[in-house]
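Undergrad: Starting off with a structure, shown below.
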2 protein chains.
Amino acid sequence: MAKAKKKDEPIILITNDDGISSPGIRALVESVTGLGKIVVVAPDKPQSGMGHAITIGHPLRMHPVHLFEGIDAYQCSGTPVDCVKLAVDKVLHRKPDICLSGVNHGPNHSINVIYSGTMSAALEASIESIPSVGFSLLDYSIEADFTGSKKYARLLVEHLLNKAYDKHLCLNVNIPAVPESLLKGLKVCKQAYAKYEEEFDERHDPHGKKYYWLTGDFINFDKGKDTDVWALKNNYISVVPVQFDLTHYVLKEKLEKYLIIK
Amino acid sequence: MAKAKKKDEPIILITNDDGISSPGIRALVESVTGLGKIVVVAPDKPQSGMGHAITIGHPLRMHPVHLFEGIDAYQCSGTPVDCVKLAVDKVLHRKPDICLSGVNHGPNHSINVIYSGTMSAALEASIESIPSVGFSLLDYSIEADFTGSKKYARLLVEHLLNKAYDKHLCLNVNIPAVPESLLKGLKVCKQAYAKYEEEFDERHDPHGKKYYWLTGDFINFDKGKDTDVWALKNNYISVVPVQFDLTHYVLKEKLEKYLIIK
């Protein structure tokens, strides 16, 4: 049976993009146990690279699952963003006090924030005025060591539950894949200007028809010491506050002067 | 046979998220005919609401199709973002001079920019240092009237091909669904703070199992006259410059002061 909510106990919604049975989400649940009433609503299959996709042409399924001792958990057929929307409307029937996403198996620093299902779930919560954090460990392995991630996730969530920064707060937290003893703590950063140089691997199927696999190298163009890429290379846990107002205000001023079409 | 590129003729890459056979992409191709060498690479099926999704766990297919007289066109099995990546690496073998996305059947103003496949394709181009524009008409109908969209798309693209604002320029252009004679021209705006209030429609399938349809009302919280929502309501074509650096710099300063976890 799920634990009933104690009076004034914060509600912590947890989701991810690797799927509800991934070790990363289990690590996140364990890391915040005791800090509030935890409810998990997460995809029933991996949804990496889904970005801010939502399901509009098909219905969604959602079922309770007994995966975490004493914790209400639901698996959902949709994207990470769908999970947040469904959790608020059909599971919690209210906004949670905080939404956590992850721990992702693999990095979501710099430009990855745009493609990441983990961070899109967090950003969706922030649009809904729910403070949120997306956690990602720089290790794709299913056997990754989440010890350091768990320690710092708990410290950060405790801090955030006791301090009201902004109802739209959304943090992109990445953790270097080094032993816990080498972690230097949290560092607030900006998103590095970095991108992937794509190269598609062109192959032929057994019927002679072409198909393409996405491959590519990650290239960091940003040499600043205030970026997430720099922080991670230097064993800091990077914390980038993220916003959903995509307006480019500098370009806006320029365009207002020169782009006159009546 | 596809037209060969004339000397110094700009290359215009066109994509969308409604699929290569939608009337909106045809309107966009027609609107810029004669301004450069046009190449179309677009999804083979509707990809609305796909956000910045990319295909990483499956291979992609891409085939030439003869849909537009005298124009190289390819349909792709992937998302709008995949189309841009594939076009640059496997079709053009270079960066185009501009990337156009749309014309979308339906609005992509305000918070829609986050969910929109149309705008994600444009943003992907901008990450690749390709100036880009996403066009959306505020009419979902397959029989929508694109007369005004075509007129202003051409004027804007002509302007941009003759003026170098920024290699990362990305414009979110929305066109009101009114007769062309009522359009008041372009207005540079910021993204309105607006969102959807979701309500999932809960139903039971013939086997008694629950499923959910996403529904919701669009609510604009932003009363400013400098927003895209205001511009569109007043028959202006809204133009919002969009950026891919999601760092929230105001919150960053605050967090640097108060978020100290070693």
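We label chains A, B, ... in the order they appear in the structure tokens, count residues from 1 in each chain, and number ligands from 1 in the order shown.
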Restrict the distance test to only C-alpha atoms, flag each residue of chain B within 7 Å of chain A, and return the flagged residues as an NGL selection string.

TA: :B and (49-56 or 59-61 or 89 or 114-115 or 184-186 or 188 or 190-191 or 199-200 or 210-214 or 240-243 or 245-248 or 251-252 or 255-256 or 261-262)

Undergrad: Give me the residues near Val91 of chain A as a list of chain:residue names, where near means some atom within 9 Å (using only C-alpha atoms) and where sequence neighbours in that chain fewer than 5 positions away do not count.

TA: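 The filter keeps A:Val39, A:Val41, A:Tyr74, A:Leu86.
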
Undergrad: Produce a file of the selected residues containing N, CA and C atoms, as a compact mmCIF listing (two decimals), in the first residue's frame.

TA:
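The resulting file, out29.txt, is shown below:
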```txt
# COMPACT_ATOMS: atom_id res chain seq x y z
N VAL A 39 5.80 10.52 -5.68
CA VAL A 39 4.94 9.86 -6.67
C VAL A 39 5.73 9.78 -7.97
N VAL A 41 5.68 8.97 -12.02
CA VAL A 41 4.94 8.76 -13.28
C VAL A 41 5.98 8.85 -14.38
N TYR A 74 3.43 4.94 -11.54
CA TYR A 74 2.61 4.69 -12.72
C TYR A 74 3.50 4.67 -13.95
N LEU A 86 0.06 14.32 -17.45
CA LEU A 86 -0.87 13.33 -16.93
C LEU A 86 -0.79 13.24 -15.40
```

Undergrad: So the first atom is atom CA of Ile12 of chain B and the second is atom CA of Ser101 of chain B; what is the distance between them in Å, to one decimal place?

TA: 10.5 Å

Undergrad: Go through segment 74-214 of chain A and collect every residue that DSSP, computed from the backbone, puts in strand (DSSP E or B); the answer should be as an mmCIF file with N, CA and C atoms, in the first residue's frame.

TA:
```cif
data_model
loop_
_atom_site.group_PDB
_atom_site.id
_atom_site.type_symbol
_atom_site.label_atom_id
_atom_site.label_comp_id
_atom_site.auth_asym_id
_atom_site.auth_seq_id
_atom_site.Cartn_x
_atom_site.Cartn_y
_atom_site.Cartn_z
ATOM 1 N N TYR A 74 3.426 4.936 -11.538
ATOM 2 C CA TYR A 74 2.607 4.688 -12.723
ATOM 3 C C TYR A 74 3.498 4.675 -13.946
ATOM 4 N N GLN A 75 3.268 3.709 -14.835
ATOM 5 C CA GLN A 75 3.974 3.744 -16.115
ATOM 6 C C GLN A 75 3.021 4.252 -17.179
ATOM 7 N N CYS A 76 3.567 5.044 -18.090
ATOM 8 C CA CYS A 76 2.753 5.756 -19.073
ATOM 9 C C CYS A 76 3.301 5.483 -20.467
ATOM 10 N N ILE A 98 7.587 19.938 -6.123
ATOM 11 C CA ILE A 98 8.783 19.935 -6.964
ATOM 12 C C ILE A 98 8.676 18.754 -7.927
ATOM 13 N N CYS A 99 9.273 18.894 -9.086
ATOM 14 C CA CYS A 99 9.310 17.791 -10.051
ATOM 15 C C CYS A 99 10.776 17.470 -10.351
ATOM 16 N N LEU A 100 11.118 16.198 -10.210
ATOM 17 C CA LEU A 100 12.496 15.759 -10.484
ATOM 18 C C LEU A 100 12.475 14.812 -11.677
ATOM 19 N N SER A 101 13.476 14.923 -12.527
ATOM 20 C CA SER A 101 13.534 14.086 -13.720
ATOM 21 C C SER A 101 14.924 13.455 -13.814
ATOM 22 N N GLY A 102 14.962 12.155 -14.086
ATOM 23 C CA GLY A 102 16.250 11.464 -14.174
ATOM 24 C C GLY A 102 16.320 10.320 -13.173
ATOM 25 N N VAL A 103 17.516 9.970 -12.716
ATOM 26 C CA VAL A 103 18.794 10.430 -13.190
ATOM 27 C C VAL A 103 19.028 9.842 -14.582
ATOM 28 N N ASN A 104 19.291 10.702 -15.563
ATOM 29 C CA ASN A 104 19.500 10.233 -16.918
ATOM 30 C C ASN A 104 20.815 9.468 -17.044
ATOM 31 N N HIS A 105 20.773 8.401 -17.840
ATOM 32 C CA HIS A 105 21.999 7.666 -18.170
ATOM 33 C C HIS A 105 22.644 8.357 -19.371
ATOM 34 N N SER A 132 11.541 22.653 -10.771
ATOM 35 C CA SER A 132 11.949 21.345 -11.281
ATOM 36 C C SER A 132 13.456 21.232 -11.440
ATOM 37 N N VAL A 133 13.927 19.994 -11.422
ATOM 38 C CA VAL A 133 15.346 19.710 -11.637
ATOM 39 C C VAL A 133 15.467 18.469 -12.511
ATOM 40 N N GLY A 134 16.289 18.542 -13.540
ATOM 41 C CA GLY A 134 16.647 17.361 -14.314
ATOM 42 C C GLY A 134 18.069 16.955 -13.956
ATOM 43 N N PHE A 135 18.261 15.680 -13.618
ATOM 44 C CA PHE A 135 19.585 15.166 -13.246
ATOM 45 C C PHE A 135 20.101 14.224 -14.338
ATOM 46 N N SER A 136 21.365 14.377 -14.688
ATOM 47 C CA SER A 136 21.973 13.489 -15.679
ATOM 48 C C SER A 136 23.395 13.132 -15.249
ATOM 49 N N LEU A 137 23.704 11.850 -15.332
ATOM 50 C CA LEU A 137 25.059 11.376 -15.016
ATOM 51 C C LEU A 137 25.800 11.117 -16.329
ATOM 52 N N CYS A 170 13.918 26.022 -13.086
ATOM 53 C CA CYS A 170 14.188 24.748 -13.754
ATOM 54 C C CYS A 170 15.700 24.607 -13.851
ATOM 55 N N LEU A 171 16.234 23.559 -13.233
ATOM 56 C CA LEU A 171 17.688 23.393 -13.204
ATOM 57 C C LEU A 171 18.120 22.185 -14.032
ATOM 58 N N ASN A 172 19.135 22.392 -14.839
ATOM 59 C CA ASN A 172 19.751 21.308 -15.589
ATOM 60 C C ASN A 172 21.035 20.908 -14.865
ATOM 61 N N VAL A 173 20.973 19.773 -14.154
ATOM 62 C CA VAL A 173 22.089 19.335 -13.319
ATOM 63 C C VAL A 173 22.782 18.143 -13.974
ATOM 64 N N ASN A 174 24.082 18.270 -14.213
ATOM 65 C CA ASN A 174 24.865 17.166 -14.771
ATOM 66 C C ASN A 174 25.973 16.787 -13.797
ATOM 67 N N ILE A 175 26.213 15.480 -13.706
ATOM 68 C CA ILE A 175 27.165 14.966 -12.720
ATOM 69 C C ILE A 175 28.295 14.232 -13.460
ATOM 70 N N LEU A 186 28.609 21.578 -6.215
ATOM 71 C CA LEU A 186 27.804 22.185 -7.273
ATOM 72 C C LEU A 186 28.436 23.483 -7.780
ATOM 73 N N LYS A 187 28.279 23.730 -9.085
ATOM 74 C CA LYS A 187 28.733 24.999 -9.657
ATOM 75 C C LYS A 187 27.653 25.525 -10.600
ATOM 76 N N VAL A 188 27.157 26.723 -10.314
ATOM 77 C CA VAL A 188 26.143 27.341 -11.170
ATOM 78 C C VAL A 188 26.828 27.834 -12.450
ATOM 79 N N LYS A 190 26.519 28.626 -17.061
ATOM 80 C CA LYS A 190 25.675 28.853 -18.234
ATOM 81 C C LYS A 190 25.857 27.678 -19.194
ATOM 82 N N ALA A 194 28.022 24.569 -27.713
ATOM 83 C CA ALA A 194 28.631 23.350 -28.242
ATOM 84 C C ALA A 194 27.589 22.691 -29.132
ATOM 85 N N LYS A 195 28.015 21.833 -30.030
ATOM 86 C CA LYS A 195 27.039 21.143 -30.866
ATOM 87 C C LYS A 195 27.611 19.837 -31.401
ATOM 88 N N TYR A 196 26.762 19.097 -32.072
ATOM 89 C CA TYR A 196 27.207 17.855 -32.691
ATOM 90 C C TYR A 196 27.513 18.104 -34.161
ATOM 91 N N GLU A 197 28.657 17.589 -34.616
ATOM 92 C CA GLU A 197 28.941 17.584 -36.053
ATOM 93 C C GLU A 197 28.451 16.230 -36.558
ATOM 94 N N GLU A 198 27.324 16.267 -37.233
ATOM 95 C CA GLU A 198 26.699 15.009 -37.633
ATOM 96 C C GLU A 198 27.345 14.384 -38.852
ATOM 97 N N GLU A 199 27.323 13.109 -38.857
ATOM 98 C CA GLU A 199 27.679 12.370 -40.047
ATOM 99 C C GLU A 199 26.782 11.145 -40.045
ATOM 100 N N PHE A 200 25.998 10.991 -41.084
ATOM 101 C CA PHE A 200 25.118 9.822 -41.150
ATOM 102 C C PHE A 200 25.866 8.670 -41.789
ATOM 103 N N ASP A 201 25.738 7.512 -41.175
ATOM 104 C CA ASP A 201 26.346 6.291 -41.683
ATOM 105 C C ASP A 201 25.351 5.687 -42.681
ATOM 106 N N GLU A 202 25.739 5.701 -43.962
ATOM 107 C CA GLU A 202 24.828 5.225 -45.018
ATOM 108 C C GLU A 202 25.063 3.737 -45.266
ATOM 109 N N ARG A 203 24.002 2.936 -45.184
ATOM 110 C CA ARG A 203 24.116 1.488 -45.403
ATOM 111 C C ARG A 203 23.038 1.014 -46.377
ATOM 112 N N HIS A 204 23.136 -0.236 -46.769
ATOM 113 C CA HIS A 204 22.101 -0.824 -47.629
ATOM 114 C C HIS A 204 21.476 -2.015 -46.916
ATOM 115 N N LYS A 210 18.728 1.952 -49.396
ATOM 116 C CA LYS A 210 19.560 2.723 -48.461
ATOM 117 C C LYS A 210 18.864 2.995 -47.133
ATOM 118 N N TYR A 211 19.663 3.048 -46.062
ATOM 119 C CA TYR A 211 19.174 3.596 -44.798
ATOM 120 C C TYR A 211 20.332 4.295 -44.100
ATOM 121 N N TYR A 212 20.000 5.133 -43.103
ATOM 122 C CA TYR A 212 20.992 6.024 -42.499
ATOM 123 C C TYR A 212 20.957 5.936 -40.973
ATOM 124 N N TRP A 213 22.126 5.836 -40.371
ATOM 125 C CA TRP A 213 22.239 5.908 -38.908
ATOM 126 C C TRP A 213 22.854 7.251 -38.524
ATOM 127 N N LEU A 214 22.210 7.902 -37.560
ATOM 128 C CA LEU A 214 22.757 9.159 -37.046
ATOM 129 C C LEU A 214 23.997 8.873 -36.189
#
```

Undergrad: Using only C-alpha atoms, which of the listed residues (A:Gly106, A:Ile25, A:Asp18, A:Ala121) sits closest to Ser141 of chain A?

TA: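 For Ser141 of chain A, the nearest of the candidates is A:Gly106.
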
Undergrad: Could you work out how far atom CA of Asn220 of chain A lies from atom CA of Ala122 of chain A, giving the answer in Å with one decimal?

TA: 24.2 Å
